[in-house]
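Trainee: Just final_12.csv, nothing more (CSV, C-alpha atoms and all ligand atoms):
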```
chain,number,residue,atom,x,y,z
R,781,MET,CA,7.2,-16.7,35.5
R,782,TRP,CA,8.0,-13.0,35.0
R,783,THR,CA,8.8,-10.4,37.6
R,784,VAL,CA,7.3,-7.4,35.9
R,785,LYS,CA,9.6,-4.4,36.4
R,786,PHE,CA,8.0,-2.0,33.9
R,787,THR,CA,4.5,-0.5,33.5
R,788,GLU,CA,2.4,-0.7,30.4
R,789,LYS,CA,2.8,3.0,30.0
R,790,GLU,CA,6.7,2.7,30.0
R,791,PHE,CA,6.4,-0.2,27.5
R,792,ARG,CA,4.2,1.6,25.1
R,793,GLU,CA,6.2,4.8,25.3
R,794,ALA,CA,9.4,2.8,24.5
R,795,VAL,CA,7.7,1.2,21.5
R,796,VAL,CA,6.0,4.3,20.1
R,797,SER,CA,9.0,6.6,20.6
R,798,SER,CA,11.1,4.2,18.5
R,799,MET,CA,8.7,4.9,15.5
R,800,GLY,CA,10.0,8.4,15.2
R,801,ILE,CA,6.5,9.7,14.4
R,802,GLU,CA,6.5,13.4,13.2
R,803,PRO,CA,3.7,15.9,13.3
R,804,GLY,CA,1.1,15.2,10.5
R,805,ASP,CA,2.3,11.6,9.9
R,806,THR,CA,-0.2,9.0,9.0
R,807,VAL,CA,0.1,5.9,11.2
R,808,LEU,CA,-1.1,2.4,10.6
R,809,GLU,CA,-1.2,-0.1,13.5
R,810,VAL,CA,-1.7,-3.7,12.2
R,811,SER,CA,-3.5,-5.8,14.7
R,812,VAL,CA,-4.5,-2.7,16.8
R,813,GLY,CA,-6.4,-4.8,19.3
R,814,THR,CA,-8.2,-2.6,21.8
R,815,GLY,CA,-6.1,0.4,20.9
R,816,GLY,CA,-3.5,0.5,23.7
R,817,ASN,CA,-1.0,2.3,21.5
R,818,ILE,CA,-3.4,4.9,20.1
R,819,PRO,CA,-3.1,7.6,22.8
R,820,PHE,CA,0.7,7.4,22.5
R,821,PHE,CA,0.5,8.0,18.7
R,822,THR,CA,-1.6,11.0,19.3
R,823,LYS,CA,1.1,12.6,21.4
R,824,TYR,CA,3.2,12.9,18.2
R,825,THR,CA,0.8,13.4,15.3
R,826,ASP,CA,-2.5,14.9,14.5
R,827,GLY,CA,-2.5,13.0,11.2
R,828,MET,CA,-4.7,10.0,10.4
R,829,ILE,CA,-4.3,6.9,12.6
R,830,VAL,CA,-5.6,3.7,11.2
R,831,GLY,CA,-6.1,0.6,13.2
R,832,LEU,CA,-6.4,-2.7,11.3
R,833,ASP,CA,-7.6,-5.9,13.1
R,834,ILE,CA,-9.2,-9.1,12.1
R,835,THR,CA,-11.4,-9.4,15.2
R,836,GLU,CA,-14.6,-7.5,15.4
R,837,SER,CA,-14.9,-7.7,19.2
R,838,MET,CA,-11.5,-6.0,19.5
R,839,HIS,CA,-12.8,-3.2,17.3
R,840,ASP,CA,-15.9,-2.9,19.4
R,841,ILE,CA,-13.8,-2.3,22.6
R,842,CYS,CA,-11.4,0.0,20.7
R,843,ARG,CA,-14.3,2.0,19.3
R,844,GLU,CA,-15.8,2.5,22.7
R,845,LYS,CA,-12.4,3.8,24.0
R,846,ILE,CA,-12.1,6.2,21.0
R,847,GLU,CA,-15.5,7.7,22.0
R,848,ARG,CA,-14.8,7.7,25.7
R,849,PHE,CA,-11.4,9.3,25.5
R,850,GLY,CA,-12.1,11.5,22.5
R,851,TRP,CA,-9.2,10.2,20.5
R,852,ARG,CA,-9.3,12.2,17.2
R,853,ASN,CA,-8.5,11.2,13.6
R,854,VAL,CA,-8.7,7.5,14.3
R,855,ARG,CA,-10.2,5.0,11.8
R,856,LEU,CA,-10.7,1.3,12.4
R,857,VAL,CA,-10.6,-1.1,9.5
R,858,GLN,CA,-11.5,-4.8,9.8
R,859,GLY,CA,-9.1,-6.9,7.8
R,860,CYS,CA,-6.2,-9.2,7.7
R,861,ALA,CA,-2.5,-8.5,8.3
R,862,GLU,CA,-1.6,-10.8,5.4
R,863,TYR,CA,-3.9,-9.0,2.8
R,864,HIS,CA,-4.4,-5.3,3.5
R,865,PRO,CA,-7.2,-3.4,1.9
R,866,PHE,CA,-4.9,-0.3,1.5
R,867,LYS,CA,-3.4,1.1,-1.6
R,868,ASP,CA,0.4,1.2,-1.6
R,869,PRO,CA,2.2,3.1,-0.2
R,870,VAL,CA,0.1,5.5,1.9
R,871,PHE,CA,1.5,5.4,5.5
R,872,ASP,CA,4.3,7.4,7.1
R,873,ARG,CA,4.7,4.9,9.9
R,874,VAL,CA,3.5,1.3,10.4
R,875,LEU,CA,3.5,-0.8,13.6
R,876,ILE,CA,3.0,-4.5,14.1
R,877,GLY,CA,3.0,-5.1,17.8
R,878,GLY,CA,2.5,-8.3,19.8
R,879,SER,CA,0.8,-10.2,17.0
R,880,ILE,CA,3.4,-11.7,14.7
R,881,ASN,CA,3.0,-15.1,16.4
R,882,TYR,CA,-0.8,-15.0,15.7
R,883,PHE,CA,-0.4,-14.7,11.9
R,884,SER,CA,-0.9,-17.6,9.5
R,885,SER,CA,2.0,-16.1,7.5
R,886,PRO,CA,4.3,-13.7,9.2
R,887,LYS,CA,6.3,-13.4,6.0
R,888,ARG,CA,3.2,-12.3,4.1
R,889,ALA,CA,2.3,-9.8,6.8
R,890,LEU,CA,5.7,-8.3,6.7
R,891,GLU,CA,5.5,-8.0,2.9
R,892,GLU,CA,2.2,-6.2,3.3
R,893,MET,CA,3.8,-3.8,5.9
R,894,ALA,CA,6.6,-3.1,3.4
R,895,ARG,CA,4.1,-2.5,0.6
R,896,VAL,CA,1.9,0.1,2.4
R,897,VAL,CA,4.7,2.1,4.1
R,898,LYS,CA,6.1,5.1,2.1
R,899,PRO,CA,9.6,4.8,0.7
R,900,GLY,CA,12.1,6.3,3.2
R,901,SER,CA,9.6,5.8,6.0
R,902,LYS,CA,9.7,3.6,9.1
R,903,ALA,CA,8.0,0.4,10.1
R,904,VAL,CA,8.4,-1.1,13.5
R,905,VAL,CA,7.8,-4.7,14.7
R,906,TYR,CA,7.8,-5.8,18.3
R,907,GLU,CA,7.0,-9.2,19.9
R,908,GLN,CA,7.0,-10.8,23.3
R,909,ILE,CA,9.6,-13.5,23.8
R,910,THR,CA,8.1,-16.2,26.0
R,911,ALA,CA,10.0,-18.8,28.0
R,912,LEU,CA,9.2,-21.3,25.3
R,913,ASP,CA,10.4,-19.0,22.5
R,914,ARG,CA,13.7,-18.6,24.4
R,915,MET,CA,14.1,-22.4,24.7
R,916,LEU,CA,13.4,-22.7,21.0
R,917,GLY,CA,15.8,-19.9,20.2
R,918,LYS,CA,13.0,-17.8,18.7
R,919,THR,CA,14.3,-14.4,20.0
R,920,ARG,CA,14.0,-12.5,16.7
R,921,LEU,CA,12.2,-12.6,13.4
R,922,ASP,CA,13.1,-15.3,11.0
R,923,GLU,CA,15.4,-13.6,8.5
R,924,GLU,CA,13.6,-15.2,5.6
R,925,TRP,CA,10.4,-13.3,6.5
R,926,ILE,CA,12.0,-9.9,6.1
R,927,PRO,CA,11.3,-8.3,2.7
R,928,ARG,CA,14.2,-7.0,0.7
R,929,GLN,CA,12.6,-3.5,0.6
R,930,LEU,CA,13.1,-3.1,4.3
R,931,GLU,CA,16.4,-2.2,5.8
R,932,ILE,CA,17.0,-2.9,9.5
R,933,VAL,CA,18.0,0.4,11.1
R,934,LYS,CA,17.7,-0.9,14.7
R,935,PHE,CA,17.3,-4.2,16.4
R,936,THR,CA,17.1,-4.4,20.2
R,937,HIS,CA,15.6,-6.3,23.1
R,938,LEU,CA,13.4,-4.4,25.6
R,939,PHE,CA,12.9,-4.8,29.3
R,940,GLU,CA,15.5,-7.4,30.1
R,941,GLY,CA,14.9,-9.4,26.9
R,942,LYS,CA,11.2,-9.9,27.3
R,943,PHE,CA,10.5,-8.3,23.9
R,944,TYR,CA,12.4,-7.9,20.7
R,945,LEU,CA,12.0,-4.7,18.6
R,946,TYR,CA,12.9,-3.9,15.0
R,947,VAL,CA,12.9,-0.5,13.4
R,948,PHE,CA,12.9,-0.8,9.6
R,949,GLU,CA,13.2,1.8,6.9
R,950,LYS,CA,11.8,1.2,3.5
R,951,LYS,CA,14.4,1.6,0.8
R,952,VAL,CA,13.8,4.5,-1.6
G,1,LIG,C1,-2.1,-9.3,21.6
G,1,LIG,S1,-3.2,-8.4,20.5
G,1,LIG,C2,-2.1,-7.0,20.1
G,1,LIG,C3,-2.8,-5.7,20.3
G,1,LIG,C4,-2.0,-4.4,20.1
G,1,LIG,N1,-1.1,-4.5,19.0
G,1,LIG,C5,-1.4,-4.0,21.4
G,1,LIG,O1,-0.2,-3.8,21.4
G,1,LIG,O2,-2.1,-3.8,22.4
G,1,LIG,C6,-3.1,-9.3,19.0
G,1,LIG,C7,-4.1,-8.9,18.0
G,1,LIG,O3,-3.9,-9.5,16.7
G,1,LIG,C8,-5.1,-9.6,16.0
G,1,LIG,N2,-4.9,-10.5,14.9
G,1,LIG,C9,-4.6,-11.9,15.0
G,1,LIG,N3,-4.4,-12.4,13.7
G,1,LIG,C10,-4.6,-11.3,12.9
G,1,LIG,C11,-4.5,-11.2,11.4
G,1,LIG,N4,-4.2,-12.3,10.7
G,1,LIG,N5,-4.8,-10.0,10.9
G,1,LIG,C12,-5.1,-8.9,11.7
G,1,LIG,N6,-5.1,-9.0,13.0
G,1,LIG,C13,-4.9,-10.2,13.6
G,1,LIG,C14,-6.1,-10.1,17.1
G,1,LIG,O4,-7.4,-9.9,16.7
G,1,LIG,C15,-5.6,-9.2,18.3
G,1,LIG,O5,-6.4,-8.0,18.4
```
Please, can you express the file's structure as structure tokens?

Mentor:
Amino acid sequence: MWTVKFTEKEFREAVVSSMGIEPGDTVLEVSVGTGGNIPFFTKYTDGMIVGLDITESMHDICREKIERFGWRNVRLVQGCAEYHPFKDPVFDRVLIGGSINYFSSPKRALEEMARVVKPGSKAVVYEQITALDRMLGKTRLDEEWIPRQLEIVKFTHLFEGKFYLYVFEKKV
């Protein structure tokens, strides 16, 4: 059982600030869910924000929030983290957050992330570490999943070890 000592806002600010988003950047969030990170992206960029997710009902909720809150320059694409519909490499920043453990192939999803991010640009992955993960020693990505084009520029645990976070840079 967790004692929660942080707010969702603090958490999302910590994640999104680690992405180093600059004005005009195009951002892809893989597994965007209901769009919890989107308002934090828009603080940094007026460039295109793309949310990819496999689940239509998640998009329905996210679309309703886009309209309700007037988030601009956001596009939702239904698709799979393991096989993106995007040409490579078109994004300045890519985020995979809280979804690695859902994927049929995390390795394949990380390869796709590496393919669509521009050379010299950043990709960020975070994941929750559950009590079971901790017992199994799963407190970081499996090294074999990380594509060679991605260099780890930062690895950290957030909020007393409840999450891990990687910042990668795609080699030029
Ligand atoms: C816990 S939610 C994370 C939402 C969001 N990243 C956030 O931080 O609020 C996990 C999401 O992963 C999506 N998902 C699961 N498997 C997927 C896959 N193979 N490709 C794309 N999205 C997937 C689910 O539909 C769900 O919206």

Trainee: List all protein, DNA and RNA residues that have an atom no more than 9 Å from any atom of ligand LIG 1 (chain G), counting only C-alpha atoms and all ligand atoms, and report them as a VMD selection string.

Mentor: chain R and resid 792 809 to 817 832 to 839 858 to 864 875 to 886 889 906

Trainee: Might you pull out every residue within 12 Å of R:Phe935, with all atoms listed in the file counted and same-chain residues fewer than 5 positions away left off, and present them as a ChimeraX atom specification?

Mentor: /R:798,904-907,919-921,941,943-949

Trainee: Interatomic distance between atom CA of R:Thr822 and atom CA of R:Trp851?

Mentor: 7.7 Å

Trainee: Pick out the residues sitting within 8 Å of R:Met828, and hand them over as a PyMOL selection string; count all atoms listed in the file, and ignore anything fewer than 3 positions along from it in its own chain.

Mentor: chain R and resi 804-807+853-855

Trainee: Counting all atoms listed in the file, figure out which residue out of R:Ile841, R:Val874, R:Ile932, R:Val857 gets nearest to R:Gly800.

Mentor: R:Val874

Trainee: Which one is closest to R:Asp872: R:Val896, R:Val795, R:Leu890, R:Ile818? Count all atoms listed in the file.

Mentor: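 The answer is R:Val896, which sits nearest to R:Asp872.
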
Trainee: Nearest to R:Phe791: which of R:Gly827, R:Gln908, R:Gly917, R:Asp922 is it, counting all atoms listed in the file?

Mentor: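 So, comparing all the options, the nearest one is R:Gln908.
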
Trainee: Kindly indicate which residue among R:Gly900, R:Arg928, R:Phe939, R:Lys918 lies nearest to R:Glu790, using all atoms listed in the file for the distances.

Mentor: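 Checking each candidate against R:Glu790, we get R:Phe939 as the closest.
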
Trainee: Please compute the atom CA of R:Arg914-atom CA of R:His937 distance, one decimal, in Å.

Mentor: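 It comes out at 12.5 Å.
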
Trainee: Using all atoms listed in the file, which residue out of R:Lys942, R:Pro865, R:Lys934, R:Val784 lies closest to R:Asp913?

Mentor: R:Lys942

Trainee: To one decimal place, how far is atom CA of R:Ala794 from atom CA of R:Asp868 in Å?

Mentor: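 Calculated distance between atom CA of R:Ala794 and atom CA of R:Asp868 is 27.7 Å.
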
Trainee: Excluding R:Ile801 and residues on its chain fewer than 4 positions from it, collect all residues at most 7 Å away from it, counting all atoms listed in the file, and give them as a list of chain:residue names.

Mentor: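 Skipping anything fewer than 4 positions along the chain leaves R:Asp805, R:Tyr824, R:Thr825, R:Arg873.
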
Trainee: Quick one: stretch 857-883 of chain R with N, CA and C atoms, as a CSV table (one decimal), in the frame of the given file?

Mentor:
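The result, written out as rebuild_14.csv:
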```csv
chain,number,residue,atom,x,y,z
R,857,VAL,N,-10.3,-0.3,10.7
R,857,VAL,CA,-10.6,-1.1,9.5
R,857,VAL,C,-10.5,-2.6,9.9
R,858,GLN,N,-11.6,-3.3,9.6
R,858,GLN,CA,-11.5,-4.8,9.8
R,858,GLN,C,-10.9,-5.5,8.7
R,859,GLY,N,-9.8,-6.2,8.9
R,859,GLY,CA,-9.1,-6.9,7.8
R,859,GLY,C,-7.9,-7.7,8.4
R,860,CYS,N,-7.2,-8.2,7.4
R,860,CYS,CA,-6.2,-9.2,7.7
R,860,CYS,C,-4.8,-8.7,7.5
R,861,ALA,N,-3.9,-9.0,8.4
R,861,ALA,CA,-2.5,-8.5,8.3
R,861,ALA,C,-1.8,-9.0,7.0
R,862,GLU,N,-2.3,-10.2,6.5
R,862,GLU,CA,-1.6,-10.8,5.4
R,862,GLU,C,-2.1,-10.3,4.1
R,863,TYR,N,-3.3,-9.6,4.1
R,863,TYR,CA,-3.9,-9.0,2.8
R,863,TYR,C,-4.6,-7.7,3.2
R,864,HIS,N,-3.8,-6.6,3.2
R,864,HIS,CA,-4.4,-5.3,3.5
R,864,HIS,C,-5.3,-4.8,2.5
R,865,PRO,N,-6.3,-4.0,2.9
R,865,PRO,CA,-7.2,-3.4,1.9
R,865,PRO,C,-6.6,-2.1,1.4
R,866,PHE,N,-5.4,-1.7,1.8
R,866,PHE,CA,-4.9,-0.3,1.5
R,866,PHE,C,-4.1,-0.3,0.2
R,867,LYS,N,-4.2,0.9,-0.5
R,867,LYS,CA,-3.4,1.1,-1.6
R,867,LYS,C,-2.0,1.3,-1.2
R,868,ASP,N,-1.0,1.0,-2.0
R,868,ASP,CA,0.4,1.2,-1.6
R,868,ASP,C,0.9,2.4,-2.2
R,869,PRO,N,1.8,3.1,-1.6
R,869,PRO,CA,2.2,3.1,-0.2
R,869,PRO,C,1.7,4.4,0.4
R,870,VAL,N,0.8,4.3,1.4
R,870,VAL,CA,0.1,5.5,1.9
R,870,VAL,C,0.4,5.9,3.3
R,871,PHE,N,1.2,5.1,4.1
R,871,PHE,CA,1.5,5.4,5.5
R,871,PHE,C,2.9,5.9,5.7
R,872,ASP,N,3.0,6.9,6.6
R,872,ASP,CA,4.3,7.4,7.1
R,872,ASP,C,5.0,6.4,8.1
R,873,ARG,N,4.2,5.8,8.9
R,873,ARG,CA,4.7,4.9,9.9
R,873,ARG,C,3.7,3.7,10.0
R,874,VAL,N,4.3,2.5,10.2
R,874,VAL,CA,3.5,1.3,10.4
R,874,VAL,C,4.0,0.5,11.6
R,875,LEU,N,3.1,0.0,12.4
R,875,LEU,CA,3.5,-0.8,13.6
R,875,LEU,C,2.8,-2.2,13.5
R,876,ILE,N,3.6,-3.2,13.7
R,876,ILE,CA,3.0,-4.5,14.1
R,876,ILE,C,3.5,-4.9,15.5
R,877,GLY,N,2.6,-4.9,16.4
R,877,GLY,CA,3.0,-5.1,17.8
R,877,GLY,C,2.3,-6.3,18.5
R,878,GLY,N,3.0,-7.2,19.0
R,878,GLY,CA,2.5,-8.3,19.8
R,878,GLY,C,1.6,-9.2,19.0
R,879,SER,N,1.7,-9.4,17.7
R,879,SER,CA,0.8,-10.2,17.0
R,879,SER,C,1.4,-11.1,15.9
R,880,ILE,N,2.7,-10.9,15.7
R,880,ILE,CA,3.4,-11.7,14.7
R,880,ILE,C,3.1,-13.2,14.9
R,881,ASN,N,3.1,-13.6,16.1
R,881,ASN,CA,3.0,-15.1,16.4
R,881,ASN,C,1.5,-15.6,16.2
R,882,TYR,N,0.6,-14.6,16.0
R,882,TYR,CA,-0.8,-15.0,15.7
R,882,TYR,C,-1.0,-15.3,14.2
R,883,PHE,N,-0.1,-14.7,13.3
R,883,PHE,CA,-0.4,-14.7,11.9
R,883,PHE,C,-0.2,-16.0,11.3
```
